[in-house]
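Novice: First, the structure itself, so that you have it in front of you.
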There are 2 protein chains.
Amino acid sequence: MQQKKILLNDSEMPTQWYNVLPDIPNGVAPPLDPGTKQPMGPEKLAPIFPMGLLEQEMSDQSWIDIPEEVQEVLRIWRPSPVVRATALEAALGTKSKIYFKNEGVSPAGSHKTNSAVAQAYYNKREGVKRLSTETGAGQWGSALAFATHKFGLECKVYMVRVSFDQKPYRKSMMNTYGAEIVASPSPDTSFGRKILEDMSGTAGSLGIAISEAIEDAASRDDTKYALGSVLNHVILHQSIIGLEAKKQMEKAGDYPDILIGCCGGGSNFAGLMNPFLRDKLEGKDIRFIGVEPTSCPTLTKGLYAYDYGDVARQTPLLYMYTLGHDFIPPGIHAGGLRYHGMSPIVSALVREKLLEPVSVHQLECFEAGKLFAQTEGIIPAPETCHAIRTTIIEATRDLNKPQTILFNFSGHGLLDLSSYDKFYSGDLHNYDFPAEDIAEATKNLPKI
Amino acid sequence: MQQKKILLNDSEMPTQWYNVLPDIPNGVAPPLDPGTKQPMGPEKLAPIFPMGLLEQEMSDQSWIDIPEEVQEVLRIWRPSPVVRATALEAALGTKSKIYFKNEGVSPAGSHKTNSAVAQAYYNKREGVKRLSTETGAGQWGSALAFATHKFGLECKVYMVRVSFDQKPYRKSMMNTYGAEIVASPSPDTSFGRKILEDMSGTAGSLGIAISEAIEDAASRDDTKYALGSVLNHVILHQSIIGLEAKKQMEKAGDYPDILIGCCGGGSNFAGLMNPFLRDKLEGKDIRFIGVEPTSCPTLTKGLYAYDYGDVARQTPLLYMYTLGHDFIPPGIHAGGLRYHGMSPIVSALVREKLLEPVSVHQLECFEAGKLFAQTEGIIPAPETCHAIRTTIIEATRDLNKPQTILFNFSGHGLLDLSSYDKFYSGDLHNYDFPAEDIAEATKNLPKI
């Protein structure tokens with residue numbers, strides 16, 4: 001019998017995170033103080049992040065213990081399954097083997113919950129009462145709403161306007177977990193009020209929502225800020241994905257030729273990929289492919305430079321691929337991929353040519369997601385469809401050279417079905433970022 | 001370490017269904033021909049059901065092989081997990097142990113997919129090209145849409161109007177799986193047109209939708225009909241739930257004092273309960289509690305009598321608890337529990353006092369569902385909330401007498417979040433079926 005699902009028991013869940021920082025050739029450039037443009041120590045970030053996370057952000061330790069309290073919550077759904085997509089393979093007529101790591105089984109429906117639980121824990125431990133955050137697709141906001149409730153914290157979510165309007169069920173979910181939600185730009189912050197005045201009717205962006213959430217945290221003593229991707233400590237928490245997947249591929253008696261994941265801020269893909277990095281550095285023949293939308297092609301068309309993480313230029317300067325901190329991507333439906341920047345870790349791996357970035361069009365992604373649903377049963381999030389589209393391309397590229405592919409099924413699309421409706425009714429279109437826009441979009445990069 | 005999830009591997013999935021019929025004390029009365037009022041053989045039902053299912057409907061075999069083609073599809077998500085609800089236990093401050101069987105992991109999100117796959121298979125095997133069906137909450141329609149697509153059949157779903165309007169994402173899901181959906185009563189059948197004329201603005205009912213789907217199947221040579229609950233073959237297919245759960249409880253080194261499930265047509269609860277029935281008949285001290293809404297109290301306030309399964313009186317007469325085939329329950333949100341009748345098997349088990357029926361109010365159910373989501377992470381379907389509410393009552397009834405409870409988590413509520421929104425905004429109310437209505441509701445029972 002072909003084994004369909006490769007499961008791990010509770011006791012096989014990793015008890016340490018893997019920190020990729022010490023293993024990245026030529027390292028990752030440090031964040032800079034947005035005022036002095038000098039490298040920034042953790043003390044400068046202490047007003048908005050707890051020390052437990054700041055230590056992880058800059059740690060040179062390869063392995064970091066997962067606190068027992070965090071493990072206990074993660075075990076609600078972890079270890080997550082690795083599944084062999086046999087029905088998709090059959091539909092494609094390929095001899096390639098397709099595996100996926102199903103992060104859609106978490107309470108909020110995506111990998112985001114992995115970091116949300118850890119972040120809520122470290123904040124709680126340091127006496128924080130309330131967290132503020134932004135959310136694009138709604139996945140991160142839901143995850144943090146769940147996690148903060150588990151640790152008895154309050155939570156305020158600034159949700160990008162376009163997603164707020166398109167995904168009413170995400171609001172219901174956050175309400176169920178007890179969080180407060182507002183559409184961003186919002187009247188609740190001075191930055192939000194300014195944007196509402198200057199850009200009436202804007203669809204919003206992650207960059208704007210981040211500015212609002214940071215302002216919220218910086219202006220209240222009881223509140224700190226939580227970010228769902230990009231930063232090193234988030235990438236660290238997501239390493240549990242790849243650590244589990246490695247064990248599961250061993251159990252299956254297999255090893256991937258290609259790892260694939262979608263890239264918005266980079267955390268789901270890095271979470272899968274990083275635990276396989278040492279193998280690659282030691283000469284293993286394995287490809288890492290990061291997938292982004294053609295409408296927001298940070299890795300494939302952006303500049304590699306220091307830039308702000310937000311529109312209001314409140315964050316430290318991060319060395320990363322960027323389309324410019326004031327770039328507002330078109331309102332495509334893969335809200336989680338609408339970010340101008342990229343994790344400095346993922347950016348460094350692209351620089352070192354360890355990760356291959358590609359971009360794909362959204363219509364083909366929805367088509368791939370529909371095929372996946374019809375074969376494997378699960379309806380994927382629009383973000384995840386990007387990974388599936390690329391998986392299909394690689395699995396059928398050369399039928400005489402079957403590949404073993406493992407992709408990260410970052411989240412289900414059950415709360416994104418209005419996007420599918422728009423796809424079915426022909427209301428969605430492909431969007432190519434015109435090359436000439438890059439210069440325009442990045443003209444406000446800070447001078448270092 | 002407390003084991004949170006009790007998993008089975010692919011190879012531990014049962015390969016036979018358990019048929020409870022031969023084990024029911026004093027048996028189950030046969031269906032009667034609605035014309036002659038005489039017991040009805042399979043040949044009379046052959047126009048609307050395939051023989052493979054009709055044989056199962058009347059089988060005296062205790063064990064029936066699950067075809068390999070059906071097993072292959074079931075293995076996409078089965079075996080489903082049994083989870084210890086440790087966080088819910090802690091929140092309740094009870095020493096009772098609460099386990100749940102998570103049927104929400106199926107593609108369509110509920111236990112319904114178990115029977116949908118089997119029904120699609122047997123129809124396909126006998127050359128059927130198209131299936132018609134009804135759906136209340138949308139769970140069954142989605143399940144059959146998925147299953148028919150897997151076996152290359154077309155599918156038409158008559159969806160009860162009130163659910164059609166409240167659950168737009170269910171339509172999107174069925175579209176994704178390639179089914180055709182229409183609100184019932186619909187203009188697509190002569191019965192639907194008659195109801196639209198006589199009862200303009202009606203919320204519809206399962207009884208009406210069943211009539212429409214049967215008319216569709218009876219009027220086309222390429223089409224047969226599929227029912228998602230009530231019938232013996234559906235109960236048979238659902239036995240895989242309890243068979244797995246028994247193995248899992250053994251793995252956990254535990255045995256339930258109480259089994260709990262919600263009852264609409266009876267299939268999810270019977271699926272969990274039936275494989276434990278022999279233990280009870282042999283003297284094991286185990287209670288079976290079936291939970292229904294106070295607004296549609298078939299088992300607790302209905303009559304035990306022969307009645308039609310549908311409003312148009314096209315179905316065979318079934319001996320069951322009923323509120324009258326022309327009873328239209330109020331439009332409460334647990335759409336899957338809005339059925340006037342009940343599985344003859346479940347009805348017989350109530351008659352034999354092997355199963356205890358109880359009814360609960362919907363507001364308390366939503367409150368229970370919210371607590372479950374906040375503790376165990378998963379948002380339950382409104383139907384499932386009925387089982388959770390009763391679980392909480394039993395787990396806290398006597399703190400000095402802790403119980404071991406296993407309930408069936410029949411489905412997730414991610415596509416029912418608009419019902420939660422109505423609960424949060426105070427738009428939902430409790431509804432008691434007034435005792436005097438029973439006589440009125442059942443005045444049209446057929447004379448036998």
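Chain lettering (A, B, ...) mirrors the order of the structure tokens, residue numbering begins at 1 for each chain separately, and ligand numbering begins at 1 in order of display.
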Starting from chain A, keep only residues with some atom at most 7 Å from an atom of chain B, counting only C-alpha atoms, and report them as a list in words.

Specialist: Gln3, Lys4, Lys5, Asp10, Arg75, Ile76, Pro107, Phe146, His149, Tyr169, Ser172, Thr176, Tyr177, Lys370, Gln374, Glu376, Gly377, Ile378, Leu414, Leu417 and Asp421 of chain A

Novice: Could the residues in this selection be written to a file with N, CA and C atoms, as an mmCIF file, in the first residue's frame?

Specialist:
data_model
loop_
_atom_site.group_PDB
_atom_site.id
_atom_site.type_symbol
_atom_site.label_atom_id
_atom_site.label_comp_id
_atom_site.auth_asym_id
_atom_site.auth_seq_id
_atom_site.Cartn_x
_atom_site.Cartn_y
_atom_site.Cartn_z
ATOM 1 N N GLN A 3 1.937 4.673 1.011
ATOM 2 C CA GLN A 3 1.674 5.459 2.214
ATOM 3 C C GLN A 3 1.266 6.876 1.827
ATOM 4 N N LYS A 4 0.101 7.278 2.283
ATOM 5 C CA LYS A 4 -0.447 8.581 1.890
ATOM 6 C C LYS A 4 0.025 9.679 2.847
ATOM 7 N N LYS A 5 -0.075 9.400 4.134
ATOM 8 C CA LYS A 5 0.255 10.416 5.128
ATOM 9 C C LYS A 5 1.426 9.935 5.977
ATOM 10 N N ASP A 10 3.026 12.883 19.063
ATOM 11 C CA ASP A 10 3.299 14.036 19.925
ATOM 12 C C ASP A 10 4.748 14.048 20.404
ATOM 13 N N ARG A 75 1.372 21.466 20.516
ATOM 14 C CA ARG A 75 0.908 20.074 20.383
ATOM 15 C C ARG A 75 -0.583 19.953 20.144
ATOM 16 N N ILE A 76 -1.309 21.070 20.250
ATOM 17 C CA ILE A 76 -2.733 21.031 19.869
ATOM 18 C C ILE A 76 -2.866 20.553 18.426
ATOM 19 N N PRO A 107 -4.903 25.837 14.292
ATOM 20 C CA PRO A 107 -6.187 26.457 14.624
ATOM 21 C C PRO A 107 -6.545 27.612 13.694
ATOM 22 N N PHE A 146 -5.544 33.889 18.464
ATOM 23 C CA PHE A 146 -5.606 32.599 19.170
ATOM 24 C C PHE A 146 -4.521 32.511 20.243
ATOM 25 N N HIS A 149 -4.901 34.812 23.309
ATOM 26 C CA HIS A 149 -5.939 34.319 24.212
ATOM 27 C C HIS A 149 -5.428 33.165 25.060
ATOM 28 N N TYR A 169 -15.013 36.579 7.251
ATOM 29 C CA TYR A 169 -14.921 35.456 8.194
ATOM 30 C C TYR A 169 -13.636 35.506 9.016
ATOM 31 N N SER A 172 -14.588 37.344 11.989
ATOM 32 C CA SER A 172 -15.371 36.497 12.906
ATOM 33 C C SER A 172 -14.447 35.571 13.690
ATOM 34 N N THR A 176 -13.904 35.450 17.653
ATOM 35 C CA THR A 176 -14.087 34.218 18.431
ATOM 36 C C THR A 176 -12.925 34.029 19.400
ATOM 37 N N TYR A 177 -11.735 34.353 18.944
ATOM 38 C CA TYR A 177 -10.564 34.238 19.817
ATOM 39 C C TYR A 177 -10.404 35.446 20.736
ATOM 40 N N LYS A 370 -7.356 25.068 -7.628
ATOM 41 C CA LYS A 370 -8.592 24.331 -7.903
ATOM 42 C C LYS A 370 -8.275 22.859 -8.206
ATOM 43 N N GLN A 374 -9.526 19.589 -6.079
ATOM 44 C CA GLN A 374 -10.292 18.503 -6.681
ATOM 45 C C GLN A 374 -9.595 17.158 -6.544
ATOM 46 N N GLU A 376 -6.667 16.486 -4.123
ATOM 47 C CA GLU A 376 -6.254 16.192 -2.747
ATOM 48 C C GLU A 376 -7.281 16.632 -1.715
ATOM 49 N N GLY A 377 -8.351 17.280 -2.158
ATOM 50 C CA GLY A 377 -9.471 17.581 -1.268
ATOM 51 C C GLY A 377 -9.406 18.922 -0.580
ATOM 52 N N ILE A 378 -8.222 19.391 -0.242
ATOM 53 C CA ILE A 378 -8.087 20.603 0.563
ATOM 54 C C ILE A 378 -8.021 21.832 -0.336
ATOM 55 N N LEU A 414 -10.126 28.190 3.234
ATOM 56 C CA LEU A 414 -11.564 28.138 3.543
ATOM 57 C C LEU A 414 -12.128 29.516 3.872
ATOM 58 N N LEU A 417 -12.611 31.996 0.239
ATOM 59 C CA LEU A 417 -13.398 31.480 -0.879
ATOM 60 C C LEU A 417 -13.995 32.586 -1.739
ATOM 61 N N ASP A 421 -14.369 32.766 -5.796
ATOM 62 C CA ASP A 421 -15.573 33.198 -6.515
ATOM 63 C C ASP A 421 -15.220 34.223 -7.591
#

Novice: Residues at most 9 Å from region 261-268 of chain A, counting only C-alpha atoms, excluding those fewer than 4 positions away in the same chain, as a ChimeraX atom specification?

Specialist: /A:111-112,228-232,234-239,241,272-273,288-293,296,298-299,335-347,357,383-388,390-391,406-410

Novice: Report as a list of chain:residue names all protein, DNA and RNA residues lying within 10 Å of Pro30 (chain A), evaluated on only C-alpha atoms, omitting residues in the same chain fewer than 6 positions from it.

Specialist: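 Counting only C-alpha atoms, the residues come to A:Gln38, A:Pro39, A:Met40, A:Gly41, A:Met58, A:Tyr306, A:Pro316, A:Leu317, A:Leu318, A:Tyr319, A:Pro344.
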
Novice: Since we have the selection now, will you write its residues out, keeping N, CA and C atoms, as a compact mmCIF listing (two decimals), in the first residue's frame?

Specialist:
# COMPACT_ATOMS: atom_id res chain seq x y z
N GLN A 38 23.41 53.67 12.26
CA GLN A 38 24.43 52.79 12.83
C GLN A 38 23.79 51.45 13.23
N PRO A 39 24.60 50.35 13.27
CA PRO A 39 24.05 49.06 13.73
C PRO A 39 23.36 49.23 15.08
N MET A 40 22.34 48.47 15.26
CA MET A 40 21.39 48.69 16.33
C MET A 40 21.41 47.53 17.30
N GLY A 41 21.56 47.82 18.58
CA GLY A 41 21.54 46.76 19.59
C GLY A 41 20.12 46.49 20.06
N MET A 58 19.11 37.99 17.48
CA MET A 58 20.54 38.17 17.20
C MET A 58 21.39 37.01 17.70
N TYR A 306 19.40 48.50 2.07
CA TYR A 306 18.77 48.84 3.34
C TYR A 306 17.47 49.59 3.07
N PRO A 316 13.53 49.68 12.19
CA PRO A 316 14.95 49.68 11.86
C PRO A 316 15.12 49.48 10.35
N LEU A 317 16.26 49.89 9.83
CA LEU A 317 16.57 49.61 8.42
C LEU A 317 17.04 48.18 8.32
N LEU A 318 16.42 47.44 7.41
CA LEU A 318 16.78 46.04 7.21
C LEU A 318 17.45 45.90 5.85
N TYR A 319 18.50 45.06 5.80
CA TYR A 319 19.17 44.81 4.53
C TYR A 319 18.44 43.66 3.85
N PRO A 344 15.43 39.48 5.85
CA PRO A 344 16.86 39.58 5.59
C PRO A 344 17.54 38.22 5.46

Novice: Would you mind listing what lies within 6 Å of region 125-142 of chain A as a list in words, with only C-alpha atoms counted and same-chain residues fewer than 5 positions away left out?

Specialist: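 Counting only C-alpha atoms, the residues come to Ala108, Lys112, Leu153, Glu154, Cys155, Lys156, Val157, Tyr158, Met159, Val160, Ser163, Arg170, Met174, Leu206, Ala209, Ile210, Ala213, Asp222, Thr223, Lys224, Tyr225, Ala226, Gly228, Gly335 and Gly336 of chain A.
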
Novice: Excluding Leu196 (chain A) and residues on its chain fewer than 3 positions from it, collect all residues at most 12 Å away from it, counting only C-alpha atoms, and give them as a ChimeraX atom specification.

Specialist: /A:161,183-193,199-204,208

Novice: Write the residues you've just listed into a file as an mmCIF file, in the first residue's frame, and include N, CA, C and O atoms for each of them.

Specialist:
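After the write, selection-v3.cif holds the following:
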data_model
loop_
_atom_site.group_PDB
_atom_site.id
_atom_site.type_symbol
_atom_site.label_atom_id
_atom_site.label_comp_id
_atom_site.auth_asym_id
_atom_site.auth_seq_id
_atom_site.Cartn_x
_atom_site.Cartn_y
_atom_site.Cartn_z
ATOM 1 N N ARG A 161 -6.999 47.106 4.667
ATOM 2 C CA ARG A 161 -8.370 47.399 4.224
ATOM 3 C C ARG A 161 -8.892 46.413 3.174
ATOM 4 O O ARG A 161 -9.992 45.887 3.292
ATOM 5 N N ALA A 183 -9.944 48.025 10.425
ATOM 6 C CA ALA A 183 -9.390 48.108 9.072
ATOM 7 C C ALA A 183 -8.298 49.167 9.042
ATOM 8 O O ALA A 183 -8.433 50.235 9.647
ATOM 9 N N SER A 184 -7.217 48.880 8.327
ATOM 10 C CA SER A 184 -6.096 49.819 8.210
ATOM 11 C C SER A 184 -5.984 50.324 6.775
ATOM 12 O O SER A 184 -6.048 49.521 5.852
ATOM 13 N N PRO A 185 -5.821 51.625 6.536
ATOM 14 C CA PRO A 185 -5.616 52.693 7.522
ATOM 15 C C PRO A 185 -6.874 52.920 8.370
ATOM 16 O O PRO A 185 -7.984 52.853 7.863
ATOM 17 N N SER A 186 -6.615 53.211 9.669
ATOM 18 C CA SER A 186 -7.709 53.352 10.627
ATOM 19 C C SER A 186 -7.680 54.735 11.265
ATOM 20 O O SER A 186 -6.649 55.411 11.255
ATOM 21 N N PRO A 187 -8.804 55.136 11.851
ATOM 22 C CA PRO A 187 -8.809 56.407 12.594
ATOM 23 C C PRO A 187 -8.210 56.264 13.993
ATOM 24 O O PRO A 187 -8.170 57.248 14.735
ATOM 25 N N ASP A 188 -7.712 55.065 14.331
ATOM 26 C CA ASP A 188 -7.254 54.820 15.707
ATOM 27 C C ASP A 188 -5.820 55.274 15.967
ATOM 28 O O ASP A 188 -5.373 55.297 17.111
ATOM 29 N N THR A 189 -5.060 55.589 14.907
ATOM 30 C CA THR A 189 -3.683 56.054 15.098
ATOM 31 C C THR A 189 -3.504 57.362 14.338
ATOM 32 O O THR A 189 -4.233 57.642 13.379
ATOM 33 N N SER A 190 -2.506 58.134 14.725
ATOM 34 C CA SER A 190 -2.303 59.404 14.017
ATOM 35 C C SER A 190 -1.790 59.133 12.605
ATOM 36 O O SER A 190 -2.162 59.829 11.659
ATOM 37 N N PHE A 191 -0.974 58.060 12.450
ATOM 38 C CA PHE A 191 -0.508 57.736 11.097
ATOM 39 C C PHE A 191 -1.668 57.287 10.208
ATOM 40 O O PHE A 191 -1.776 57.691 9.050
ATOM 41 N N GLY A 192 -2.547 56.470 10.773
ATOM 42 C CA GLY A 192 -3.721 56.020 10.029
ATOM 43 C C GLY A 192 -4.585 57.195 9.598
ATOM 44 O O GLY A 192 -5.047 57.258 8.451
ATOM 45 N N ARG A 193 -4.791 58.148 10.512
ATOM 46 C CA ARG A 193 -5.613 59.314 10.182
ATOM 47 C C ARG A 193 -4.979 60.120 9.043
ATOM 48 O O ARG A 193 -5.657 60.606 8.138
ATOM 49 N N MET A 199 -4.800 59.753 1.267
ATOM 50 C CA MET A 199 -5.061 58.741 0.237
ATOM 51 C C MET A 199 -6.431 58.131 0.457
ATOM 52 O O MET A 199 -6.572 56.915 0.614
ATOM 53 N N SER A 200 -7.430 58.955 0.455
ATOM 54 C CA SER A 200 -8.805 58.499 0.687
ATOM 55 C C SER A 200 -9.152 57.351 -0.260
ATOM 56 O O SER A 200 -8.846 57.397 -1.449
ATOM 57 N N GLY A 201 -9.731 56.310 0.277
ATOM 58 C CA GLY A 201 -10.138 55.173 -0.555
ATOM 59 C C GLY A 201 -9.039 54.166 -0.822
ATOM 60 O O GLY A 201 -9.238 53.220 -1.588
ATOM 61 N N THR A 202 -7.865 54.309 -0.195
ATOM 62 C CA THR A 202 -6.765 53.372 -0.438
ATOM 63 C C THR A 202 -7.113 51.966 0.030
ATOM 64 O O THR A 202 -7.859 51.801 0.998
ATOM 65 N N ALA A 203 -6.548 50.965 -0.681
ATOM 66 C CA ALA A 203 -6.744 49.563 -0.291
ATOM 67 C C ALA A 203 -5.894 49.205 0.911
ATOM 68 O O ALA A 203 -6.009 48.121 1.463
ATOM 69 N N GLY A 204 -5.023 50.137 1.322
ATOM 70 C CA GLY A 204 -4.115 49.842 2.417
ATOM 71 C C GLY A 204 -2.963 48.966 1.963
ATOM 72 O O GLY A 204 -2.909 48.539 0.816
ATOM 73 N N ILE A 208 1.634 50.090 5.688
ATOM 74 C CA ILE A 208 0.833 51.057 6.451
ATOM 75 C C ILE A 208 0.360 50.437 7.762
ATOM 76 O O ILE A 208 0.432 51.048 8.836
#
